[in-house]
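Listing of start.txt, compact mmCIF, C-alpha atoms
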```
# COMPACT_ATOMS: atom_id res chain seq x y z
CA MET A 297 -29.78 -10.28 19.59
CA SER A 298 -28.25 -11.19 22.95
CA GLU A 299 -25.10 -9.51 24.14
CA PRO A 300 -21.94 -11.41 23.19
CA ALA A 301 -19.96 -13.08 25.89
CA ALA A 302 -16.91 -11.25 27.13
CA ALA A 303 -13.66 -11.91 25.27
CA PRO A 304 -10.50 -12.94 27.17
CA ASP A 305 -9.48 -9.25 27.22
CA GLY A 306 -12.78 -8.30 28.85
CA ARG A 307 -14.55 -6.87 25.79
CA THR A 308 -18.30 -7.35 25.44
CA ASP A 309 -18.94 -5.58 22.11
CA TYR A 310 -20.03 -7.28 18.86
CA TYR A 311 -16.43 -8.12 17.89
CA ALA A 312 -15.64 -9.80 21.21
CA ASN A 313 -16.47 -12.93 19.20
CA ALA A 314 -13.33 -14.26 17.50
CA HIS A 315 -15.24 -15.63 14.50
CA ARG A 316 -16.72 -12.20 13.79
CA ARG A 317 -13.31 -10.58 13.99
CA THR A 318 -11.85 -13.14 11.61
CA TYR A 319 -14.68 -12.75 9.12
CA ALA A 320 -14.41 -8.94 9.14
CA LEU A 321 -10.67 -9.25 8.48
CA PHE A 322 -11.35 -11.70 5.64
CA VAL A 323 -13.73 -9.25 3.91
CA PHE A 324 -11.28 -6.40 4.35
CA MET A 325 -8.57 -8.59 2.83
CA LEU A 326 -10.79 -9.14 -0.23
CA VAL A 327 -11.31 -5.38 -0.50
CA TYR A 328 -7.57 -4.85 -0.21
CA MET A 329 -6.97 -7.36 -3.00
CA CYS A 330 -9.25 -5.35 -5.27
CA HIS A 331 -7.61 -2.13 -4.07
CA ALA A 332 -4.18 -3.41 -5.14
CA LEU A 333 -5.46 -5.02 -8.34
CA ASP A 334 -6.95 -1.77 -9.59
CA ARG A 335 -4.01 0.31 -8.42
CA ARG A 336 -1.32 -1.93 -9.90
CA MET A 337 -2.92 -2.90 -13.21
CA PRO A 338 -1.35 0.01 -15.17
CA SER A 339 2.17 -1.20 -14.31
CA ILE A 340 1.79 -4.31 -16.50
CA LEU A 341 0.08 -2.35 -19.28
CA VAL A 342 2.74 0.33 -19.79
CA GLU A 343 4.08 -1.05 -23.08
CA PRO A 344 0.77 -1.69 -24.95
CA VAL A 345 -0.78 1.61 -23.77
CA GLN A 346 2.37 3.49 -24.73
CA GLN A 347 2.32 1.96 -28.19
CA GLU A 348 -1.38 2.66 -28.85
CA PHE A 349 -1.27 6.32 -27.82
CA HIS A 350 2.38 6.97 -28.91
CA LEU A 351 3.47 8.27 -25.51
CA THR A 352 6.81 9.11 -23.89
CA ASP A 353 8.06 7.56 -20.65
CA THR A 354 7.20 10.82 -18.90
CA GLN A 355 3.58 10.58 -20.06
CA MET A 356 3.49 6.94 -18.97
CA GLY A 357 4.70 8.04 -15.55
CA LEU A 358 1.55 10.16 -15.34
CA PHE A 359 -0.57 7.13 -16.28
CA GLY A 360 1.27 4.71 -13.99
CA GLY A 361 1.50 6.94 -10.95
CA ALA A 362 1.07 10.71 -10.95
CA GLY A 363 -2.51 10.78 -12.25
CA TYR A 364 -3.52 8.38 -9.50
CA GLY A 365 -1.34 10.05 -6.88
CA ILE A 366 -2.51 13.61 -7.44
CA ALA A 367 -6.17 12.66 -7.10
CA PHE A 368 -5.37 10.47 -4.11
CA SER A 369 -3.59 13.36 -2.41
CA LEU A 370 -6.48 15.76 -2.98
CA ALA A 371 -9.03 13.34 -1.55
CA VAL A 372 -7.22 11.65 1.32
CA LEU A 373 -7.53 14.40 3.95
CA PRO A 374 -11.27 15.00 3.41
CA LEU A 375 -11.86 11.25 3.49
CA GLY A 376 -9.72 10.91 6.63
CA TYR A 377 -11.89 13.61 8.21
CA LEU A 378 -14.99 11.57 7.34
CA VAL A 379 -13.49 8.34 8.65
CA ASP A 380 -13.54 9.70 12.21
CA ARG A 381 -17.17 10.84 11.87
CA VAL A 382 -19.27 8.50 9.71
CA ASN A 383 -20.07 4.81 9.35
CA ARG A 384 -16.78 3.42 8.04
CA ARG A 385 -18.26 0.27 6.52
CA ASN A 386 -20.67 2.27 4.35
CA LEU A 387 -17.97 4.73 3.35
CA LEU A 388 -15.64 1.91 2.28
CA ALA A 389 -18.42 0.26 0.26
CA LEU A 390 -19.04 3.53 -1.60
CA MET A 391 -15.34 4.11 -2.28
CA THR A 392 -14.88 0.52 -3.49
CA ALA A 393 -17.76 0.91 -5.94
CA ILE A 394 -16.25 4.13 -7.31
CA TRP A 395 -12.69 2.88 -7.77
CA SER A 396 -13.85 -0.40 -9.32
CA GLY A 397 -16.13 1.41 -11.76
CA ALA A 398 -13.40 3.89 -12.70
CA THR A 399 -10.96 1.04 -13.38
CA ALA A 400 -13.43 -0.67 -15.71
CA LEU A 401 -14.11 2.63 -17.50
CA GLY A 402 -10.38 2.87 -18.18
CA GLY A 403 -10.78 0.08 -20.72
CA MET A 404 -13.45 1.99 -22.64
CA VAL A 405 -11.72 5.33 -23.22
CA GLY A 406 -10.80 6.75 -26.60
CA THR A 407 -8.01 9.16 -25.68
CA TYR A 408 -5.03 9.42 -23.37
CA PHE A 409 -6.69 12.34 -21.55
CA GLN A 410 -9.76 10.24 -20.80
CA LEU A 411 -7.55 7.44 -19.55
CA ILE A 412 -5.86 9.81 -17.11
CA LEU A 413 -9.28 10.96 -15.88
CA THR A 414 -10.20 7.39 -14.97
CA ARG A 415 -6.97 7.08 -13.00
CA PHE A 416 -7.95 10.26 -11.19
CA GLY A 417 -11.22 8.54 -10.23
CA VAL A 418 -9.42 5.44 -8.98
CA GLY A 419 -6.95 7.50 -6.96
CA ALA A 420 -9.60 9.72 -5.34
CA ALA A 421 -11.71 6.75 -4.24
CA GLU A 422 -8.81 4.58 -3.08
CA ALA A 423 -7.65 7.44 -0.85
CA GLY A 424 -10.19 6.21 1.68
CA GLY A 425 -9.07 2.58 1.67
CA VAL A 426 -6.19 2.62 4.16
CA PRO A 427 -7.56 5.21 6.67
CA ILE A 428 -10.88 3.36 6.82
CA SER A 429 -9.25 -0.07 7.16
CA MET A 430 -6.74 0.97 9.82
CA SER A 431 -9.37 2.79 11.86
CA PHE A 432 -11.98 0.02 11.51
CA LEU A 433 -9.68 -2.90 12.30
CA SER A 434 -8.02 -1.05 15.19
CA ASP A 435 -11.46 -1.09 16.82
CA VAL A 436 -11.81 -4.81 16.12
CA TYR A 437 -8.35 -6.04 17.21
CA THR A 438 -6.29 -5.10 20.26
CA GLN A 439 -2.90 -3.41 20.07
CA GLU A 440 -1.00 -6.68 20.42
CA ARG A 441 -2.59 -8.14 17.26
CA ARG A 442 -2.58 -5.10 14.96
CA ALA A 443 0.80 -5.58 13.28
CA LEU A 444 -0.16 -9.13 12.30
CA VAL A 445 -3.60 -7.94 11.12
CA ILE A 446 -1.93 -5.26 8.98
CA GLY A 447 0.36 -8.02 7.70
CA PHE A 448 -2.68 -9.99 6.55
CA LEU A 449 -4.03 -6.90 4.77
CA TYR A 450 -0.80 -6.32 2.90
CA THR A 451 -0.51 -9.98 2.03
CA ALA A 452 -3.93 -9.64 0.44
CA ALA A 453 -2.69 -6.55 -1.38
CA ASN A 454 0.21 -8.53 -2.79
CA VAL A 455 -2.18 -11.24 -3.93
CA GLY A 456 -4.02 -8.48 -5.78
CA GLN A 457 -0.74 -7.33 -7.27
CA PHE A 458 0.00 -10.92 -8.28
CA ALA A 459 -3.39 -11.09 -10.02
CA ALA A 460 -2.67 -7.80 -11.79
CA MET A 461 0.64 -9.09 -13.09
CA ILE A 462 -0.38 -12.65 -14.03
CA ALA A 463 -4.02 -12.29 -15.06
CA GLY A 464 -3.55 -8.75 -16.35
CA ALA A 465 -0.64 -9.76 -18.57
CA TRP A 466 -2.49 -12.81 -19.89
CA VAL A 467 -5.75 -10.95 -20.61
CA ALA A 468 -3.83 -8.07 -22.21
CA ALA A 469 -1.78 -10.46 -24.35
CA GLU A 470 -4.84 -12.43 -25.47
CA HIS A 471 -7.58 -9.78 -25.62
CA GLY A 472 -5.85 -6.40 -25.35
CA TRP A 473 -5.11 -4.00 -22.51
CA ARG A 474 -8.64 -2.59 -22.55
CA ALA A 475 -10.14 -5.97 -21.65
CA ALA A 476 -7.65 -6.27 -18.78
CA MET A 477 -8.86 -2.96 -17.31
CA VAL A 478 -12.52 -3.96 -17.53
CA VAL A 479 -11.92 -7.35 -15.93
CA ALA A 480 -9.92 -5.74 -13.11
CA GLY A 481 -12.86 -3.56 -12.12
CA LEU A 482 -15.43 -6.35 -11.67
CA PRO A 483 -14.37 -8.08 -8.39
CA GLY A 484 -14.79 -4.88 -6.40
CA LEU A 485 -18.54 -4.97 -6.93
CA VAL A 486 -18.74 -8.30 -5.07
CA CYS A 487 -16.81 -6.76 -2.19
CA VAL A 488 -19.33 -3.92 -1.99
CA LEU A 489 -22.16 -6.41 -1.41
CA LEU A 490 -20.17 -8.33 1.22
CA LEU A 491 -19.42 -5.14 3.12
CA LEU A 492 -22.99 -3.86 3.10
CA PHE A 493 -24.75 -7.10 3.97
CA THR A 494 -22.33 -9.13 6.11
CA VAL A 495 -20.06 -6.72 8.05
CA ARG A 496 -21.06 -4.57 11.03
CA GLU A 497 -19.54 -1.23 12.05
CA PRO A 498 -17.54 -1.60 15.31
CA GLN A 499 -17.75 0.68 18.33
CA ARG A 500 -14.95 3.24 18.27
CA GLY A 501 -12.29 2.56 20.85
CA ALA A 502 -13.79 -0.82 21.75
CA ALA A 503 -10.43 -2.59 21.54
CA GLU A 504 -8.62 -0.05 23.71
CA PRO A 505 -7.95 -0.97 27.35
CA SER A 506 -8.42 2.66 28.39
CA GLY A 507 -11.85 3.08 26.77
CA GLU A 508 -11.10 5.95 24.41
CA ALA A 509 -14.46 5.71 22.64
CA ALA A 510 -15.87 8.72 24.50
CA ALA A 511 -13.40 11.16 22.92
CA ALA A 512 -14.89 13.52 20.32
CA PRO A 513 -13.64 13.42 16.70
CA PRO A 514 -10.65 15.76 16.31
CA LYS A 515 -10.60 19.03 14.45
CA PRO A 516 -8.02 19.31 11.63
CA ARG A 517 -5.84 21.68 13.62
CA GLU A 518 -5.79 19.22 16.52
CA VAL A 519 -4.53 16.47 14.21
CA LEU A 520 -1.84 18.77 12.80
CA ARG A 521 -0.81 19.84 16.30
CA PHE A 522 -0.58 16.20 17.39
CA ILE A 523 1.66 15.20 14.48
CA LEU A 524 3.93 18.26 14.65
CA GLY A 525 4.21 17.82 18.41
CA ALA A 526 5.55 14.29 17.99
CA PRO A 527 8.71 14.49 15.82
CA GLU A 528 9.25 10.75 16.16
CA LEU A 529 5.89 10.11 14.48
CA LEU A 530 6.51 12.72 11.81
CA SER A 531 9.83 11.00 11.12
CA ILE A 532 8.24 7.56 10.69
CA ILE A 533 5.67 9.12 8.36
CA VAL A 534 8.51 10.46 6.19
CA ALA A 535 10.30 7.10 6.31
CA HIS A 536 7.09 5.28 5.35
CA ALA A 537 6.62 7.69 2.44
CA LEU A 538 10.17 7.17 1.16
CA PHE A 539 9.90 3.39 1.43
CA GLY A 540 6.62 3.64 -0.46
CA LEU A 541 8.13 5.86 -3.15
CA VAL A 542 10.83 3.31 -3.89
CA SER A 543 8.41 0.38 -3.87
CA ILE A 544 5.86 2.16 -6.07
CA SER A 545 8.52 3.28 -8.55
CA VAL A 546 9.96 -0.22 -8.88
CA THR A 547 6.53 -1.79 -9.27
CA ALA A 548 5.45 0.75 -11.89
CA TRP A 549 8.46 0.19 -14.12
CA VAL A 550 9.79 -3.31 -13.42
CA ALA A 551 7.78 -4.91 -16.25
CA SER A 552 9.23 -2.40 -18.71
CA PHE A 553 12.68 -3.06 -17.23
CA PHE A 554 12.47 -6.79 -17.98
CA ILE A 555 10.97 -6.19 -21.43
CA ARG A 556 13.54 -3.59 -22.46
CA ILE A 557 16.67 -5.02 -20.85
CA TYR A 558 16.09 -8.78 -21.22
CA HIS A 559 13.72 -8.68 -24.22
CA VAL A 560 11.01 -10.88 -22.70
CA ASP A 561 7.45 -10.52 -23.99
CA LEU A 562 4.54 -9.03 -22.03
CA ALA A 563 3.07 -12.33 -20.82
CA ALA A 564 6.49 -13.61 -19.71
CA ALA A 565 7.23 -10.35 -17.88
CA GLY A 566 3.91 -10.56 -16.08
CA GLY A 567 4.60 -14.15 -15.07
CA LEU A 568 8.12 -13.47 -13.83
CA ILE A 569 7.09 -10.42 -11.84
CA GLY A 570 3.84 -11.88 -10.57
CA ILE A 571 5.39 -15.08 -9.23
CA SER A 572 8.29 -13.22 -7.63
CA ALA A 573 5.92 -10.68 -6.09
CA ALA A 574 3.62 -13.43 -4.83
CA ILE A 575 6.41 -15.37 -3.12
CA GLY A 576 8.43 -12.43 -1.80
CA GLY A 577 5.77 -9.77 -1.40
CA GLY A 578 3.10 -12.22 -0.29
CA LEU A 579 5.15 -13.58 2.60
CA ALA A 580 6.67 -10.30 3.74
CA PRO A 581 3.69 -8.57 5.42
CA LEU A 582 2.73 -11.66 7.42
CA LEU A 583 6.34 -12.39 8.36
CA TYR A 584 7.06 -8.83 9.45
CA GLY A 585 3.74 -8.57 11.31
CA TRP A 586 4.56 -11.78 13.17
CA LEU A 587 8.10 -10.60 13.91
CA ASP A 588 6.76 -7.26 15.18
CA ASN A 589 4.78 -9.17 17.79
CA ARG A 590 7.55 -11.64 18.69
CA LEU A 591 10.55 -9.31 18.66
CA GLY A 592 8.65 -6.42 20.22
CA ARG A 593 8.07 -8.47 23.38
CA ARG A 594 11.82 -8.79 23.89
CA ASN A 595 12.80 -5.29 22.85
CA PRO A 596 10.32 -2.69 21.54
CA ALA A 597 13.02 -1.24 19.28
CA TRP A 598 13.56 -4.45 17.31
CA PRO A 599 10.62 -4.09 14.85
CA LEU A 600 11.86 -0.72 13.58
CA ARG A 601 15.41 -2.09 13.57
CA LEU A 602 14.18 -4.85 11.28
CA VAL A 603 12.72 -2.23 8.92
CA TRP A 604 15.94 -0.29 8.44
CA LEU A 605 18.12 -3.41 8.21
CA SER A 606 15.84 -4.70 5.46
CA ALA A 607 16.13 -1.39 3.62
CA VAL A 608 19.92 -1.48 3.62
CA ILE A 609 20.00 -5.04 2.25
CA ALA A 610 17.26 -4.23 -0.28
CA LEU A 611 19.26 -1.27 -1.61
CA VAL A 612 22.32 -3.41 -2.33
CA ALA A 613 20.36 -6.35 -3.76
CA SER A 614 18.13 -4.14 -5.94
CA GLU A 615 21.09 -2.34 -7.49
CA ALA A 616 22.61 -5.73 -8.24
CA MET A 617 19.34 -6.83 -9.87
CA LEU A 618 19.38 -3.85 -12.22
CA PHE A 619 22.90 -4.43 -13.52
CA THR A 620 23.35 -8.20 -13.61
CA PRO A 621 23.62 -9.64 -17.14
CA SER A 622 21.77 -12.79 -16.01
CA LEU A 623 17.99 -12.89 -16.39
CA ALA A 624 17.74 -15.77 -13.91
CA LEU A 625 19.71 -13.86 -11.28
CA ALA A 626 17.70 -10.70 -11.91
CA VAL A 627 14.43 -12.59 -11.35
CA PHE A 628 15.79 -14.20 -8.17
CA LEU A 629 17.00 -10.86 -6.81
CA PHE A 630 13.66 -9.24 -7.65
CA GLY A 631 11.82 -11.88 -5.60
CA PHE A 632 14.31 -11.52 -2.75
CA THR A 633 14.02 -7.74 -2.68
CA GLU A 634 10.22 -8.00 -2.82
CA LEU A 635 10.44 -9.87 0.47
CA LEU A 636 12.58 -7.10 1.96
CA ARG A 637 10.63 -4.26 0.34
CA ASN A 638 7.08 -5.20 1.33
CA GLY A 639 7.30 -5.90 5.05
CA TYR A 640 7.66 -2.36 6.37
CA PRO A 641 3.93 -1.30 6.34
CA ALA A 642 2.97 -3.89 8.96
CA ILE A 643 5.48 -2.32 11.35
CA THR A 644 5.22 1.36 10.45
CA TYR A 645 1.41 1.40 10.52
CA ALA A 646 1.38 -0.57 13.78
CA THR A 647 3.83 1.94 15.25
CA MET A 648 1.51 4.79 14.27
CA THR A 649 -1.68 3.18 15.60
CA ARG A 650 0.00 2.31 18.91
CA ASN A 651 1.03 5.92 19.40
CA THR A 652 -2.17 7.61 18.13
CA PRO A 653 -5.40 8.03 20.16
CA ALA A 654 -8.32 5.99 18.83
CA HIS A 655 -10.52 9.01 18.09
CA MET A 656 -8.06 10.49 15.58
CA ARG A 657 -6.56 7.41 13.91
CA GLY A 658 -8.46 7.93 10.66
CA SER A 659 -7.23 11.51 10.36
CA VAL A 660 -3.62 10.72 11.29
CA ILE A 661 -3.42 7.72 8.95
CA SER A 662 -4.89 9.89 6.17
CA VAL A 663 -2.04 12.37 6.65
CA MET A 664 0.41 9.46 6.46
CA GLN A 665 -1.31 8.30 3.28
CA LEU A 666 -1.28 11.82 1.81
CA ILE A 667 2.47 12.16 2.17
CA THR A 668 3.12 8.60 1.01
CA ASN A 669 1.01 8.79 -2.12
CA LEU A 670 1.87 12.36 -3.02
CA SER A 671 5.53 11.36 -3.04
CA GLY A 672 5.06 7.74 -4.17
CA TYR A 673 2.41 7.83 -6.87
CA GLY A 674 2.61 11.57 -7.46
CA LEU A 675 6.37 11.72 -7.95
CA GLY A 676 7.89 8.23 -8.03
CA PRO A 677 6.90 6.72 -11.41
CA LEU A 678 6.90 10.16 -13.03
CA PHE A 679 10.40 10.90 -11.74
CA VAL A 680 11.69 7.59 -13.09
CA GLY A 681 10.06 8.32 -16.45
CA VAL A 682 11.61 11.82 -16.62
CA VAL A 683 15.08 10.52 -15.76
CA SER A 684 14.70 7.73 -18.32
CA ASP A 685 13.68 10.21 -21.04
CA TYR A 686 16.56 12.52 -20.07
CA TYR A 687 19.03 9.73 -20.78
CA GLY A 688 17.31 8.73 -24.01
CA GLY A 689 14.53 6.38 -22.88
CA GLY A 690 14.55 2.67 -23.68
CA THR A 691 17.22 0.85 -21.69
CA ALA A 692 17.91 4.02 -19.65
CA ILE A 693 15.06 2.81 -17.43
CA ARG A 694 17.75 0.84 -15.60
CA GLU A 695 19.72 3.93 -14.59
CA ALA A 696 16.52 5.79 -13.68
CA LEU A 697 15.46 3.02 -11.29
CA ALA A 698 18.98 2.88 -9.83
CA VAL A 699 18.74 6.56 -8.89
CA SER A 700 15.33 6.16 -7.24
CA LEU A 701 16.66 3.32 -5.04
CA LEU A 702 19.04 5.75 -3.30
CA LEU A 703 16.06 7.09 -1.37
CA TYR A 704 16.43 4.07 0.88
CA ILE A 705 19.26 5.99 2.58
CA PRO A 706 17.20 8.89 4.04
CA ALA A 707 14.36 6.44 4.79
CA THR A 708 16.77 4.40 6.91
CA LEU A 709 17.97 7.50 8.76
CA CYS A 710 14.39 8.54 9.57
CA THR A 711 13.60 5.06 10.91
CA LEU A 712 16.67 5.14 13.13
CA TYR A 713 15.62 8.54 14.49
CA THR A 714 12.10 7.30 15.30
CA SER A 715 13.45 4.22 17.03
CA HIS A 716 15.79 6.34 19.15
CA LYS A 717 13.08 8.86 20.09
CA LEU A 718 10.47 6.23 20.98
CA TYR A 719 12.66 3.67 22.73
CA GLY A 720 15.85 5.47 23.76
CA ARG A 721 18.45 3.09 25.13
CA ALA A 722 16.32 0.10 24.13
CA ALA A 723 17.07 0.98 20.51
CA LYS A 724 20.77 0.41 21.13
CA THR A 725 20.63 -2.80 23.11
CA THR A 726 19.33 -6.32 22.62
```
Show me the file's structure as structure tokens.
Amino acid sequence: MSEPAAAPDGRTDYYANAHRRTYALFVFMLVYMCHALDRRMPSILVEPVQQEFHLTDTQMGLFGGAGYGIAFSLAVLPLGYLVDRVNRRNLLALMTAIWSGATALGGMVGTYFQLILTRFGVGAAEAGGVPISMSFLSDVYTQERRALVIGFLYTAANVGQFAAMIAGAWVAAEHGWRAAMVVAGLPGLVCVLLLLFTVREPQRGAAEPSGEAAAAPPKPREVLRFILGAPELLSIIVAHALFGLVSISVTAWVASFFIRIYHVDLAAAGGLIGISAAIGGGLAPLLYGWLDNRLGRRNPAWPLRLVWLSAVIALVASEAMLFTPSLALAVFLFGFTELLRNGYPAITYATMTRNTPAHMRGSVISVMQLITNLSGYGLGPLFVGVVSDYYGGGTAIREALAVSLLLYIPATLCTLYTSHKLYGRAAKTT
């Protein structure tokens, strides 16, 4: 094969060709859809699973989040270590096959314990998804395009969430929750074939103007030293984790909220949530990725400013959603807050990749994922379930969610700190 012509930025590697970059992003978006579909499916199945196995809200918190999050947290650092050392395409194909198979197995179990084991399998395999994707695509796209690329990934994730809510609710209502789990696991197998036979591994550091590809993979202590030596990055990691905890907690329990508070059935709850998530959550990553690029040219502090402003508005609007007596207003506010709640990853991940050397991105992003998922999936849904049970279960889910939303406050403070440390006076001016 002849060498590709140089791209406008001077690159001559395989992905200097714009069509190849676009196709690789398209395949990764499909993988991300399956990632979100398998991760989110339990949130629409809380009520039927709870009824079959006679479980408490606390036990459902383990099914909806902690079982996944604990396994994710145990696997993410080893997988992040591998990301900086092995063929990332092959590793992602393997992880996709494992999490898809574990999701399908979840529909064939006979006990609650077995069900939790399948969620452990999904969580452990999906731990590699984000570190691999961020590392891979950062070597395909230049710094200026990464926030928008991450926006496309998270838009795909929200399409997967939409499928989980709409298709999952319909399949569960018509054929049972077990069938919904099996169906959710099948698309990932197609993605495995696309990765293996149509996508090529990029050269590390190929998209960097400074040519960082020659740097050796970092040792774990070097990664830890890098993060601890950059308090502004540690702060954005904490903010990202808190934003994720709130988002994960809401997603895990919002179907039960609408069923218990407004007495809608499972299919209707899935439809209401799915459509709202598709409109709000689907637009947010692309919009925020685009704004990161546009606003960042004027003032580098504006993207992070957009994140914390969105969090403040989302806190007020989400609390209003929980306590309004109007179903129509609650649905509208849910869609509106989905728009505000789902844009932050495009900016926070782009901030991390811009400030992390190419040779250690997989390891650093894996640390970010560890903290996010340990707090989000490991604690978020479980915490909401415990608080709900403490106040008697049932409609107390409303008060439990209201408490979890208060974590937007420290997340906002951490984002402000990062903005100040990275951009100084630029963070205070237009």
Per residue of stretch 568-641 of chain A within 12 Å of stretch 340-361 of chain A, what are the shortest atom pair and its distance in Å to one decimal, counting all atoms listed in the file, with rows by chain and residue number, as JSON lines?
```
{"residue": "A:Leu568", "atom": "CA", "partner": "A:Ile340", "partner_atom": "CA", "distance": 11.5}
{"residue": "A:Ile569", "atom": "CA", "partner": "A:Ile340", "partner_atom": "CA", "distance": 9.3}
{"residue": "A:Gly570", "atom": "CA", "partner": "A:Ile340", "partner_atom": "CA", "distance": 9.8}
```
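Between atom CA of A:Gln439 and atom CA of A:Arg650 the interatomic distance comes to 6.5 Å.
Residue nearest A:Gly676, chosen from A:Gly690, A:Pro338, A:Gly540, A:Gly376 and counting all atoms listed in the file: A:Gly540.
For the atom pair formed by atom CA of A:Glu518 and atom CA of A:Leu449, the distance is 28.7 Å, given to one decimal.
Compared by their closest atoms to A:Tyr558, and using only C-alpha atoms, the residues A:Leu579, A:Leu492, A:Leu623, A:Leu529 rank with A:Leu623 nearest.
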Report task. For stretch 700-711 of chain A, list every protein, DNA or RNA residue within 10 Å, evaluated using all atoms listed in the file, and leave out those in the same chain fewer than 4 positions away; present the list as a PyMOL selection string. Result -> chain A and resi 528-543+545-546+600-612+614-615+644+676-677+679-680+683+695-696+715-717
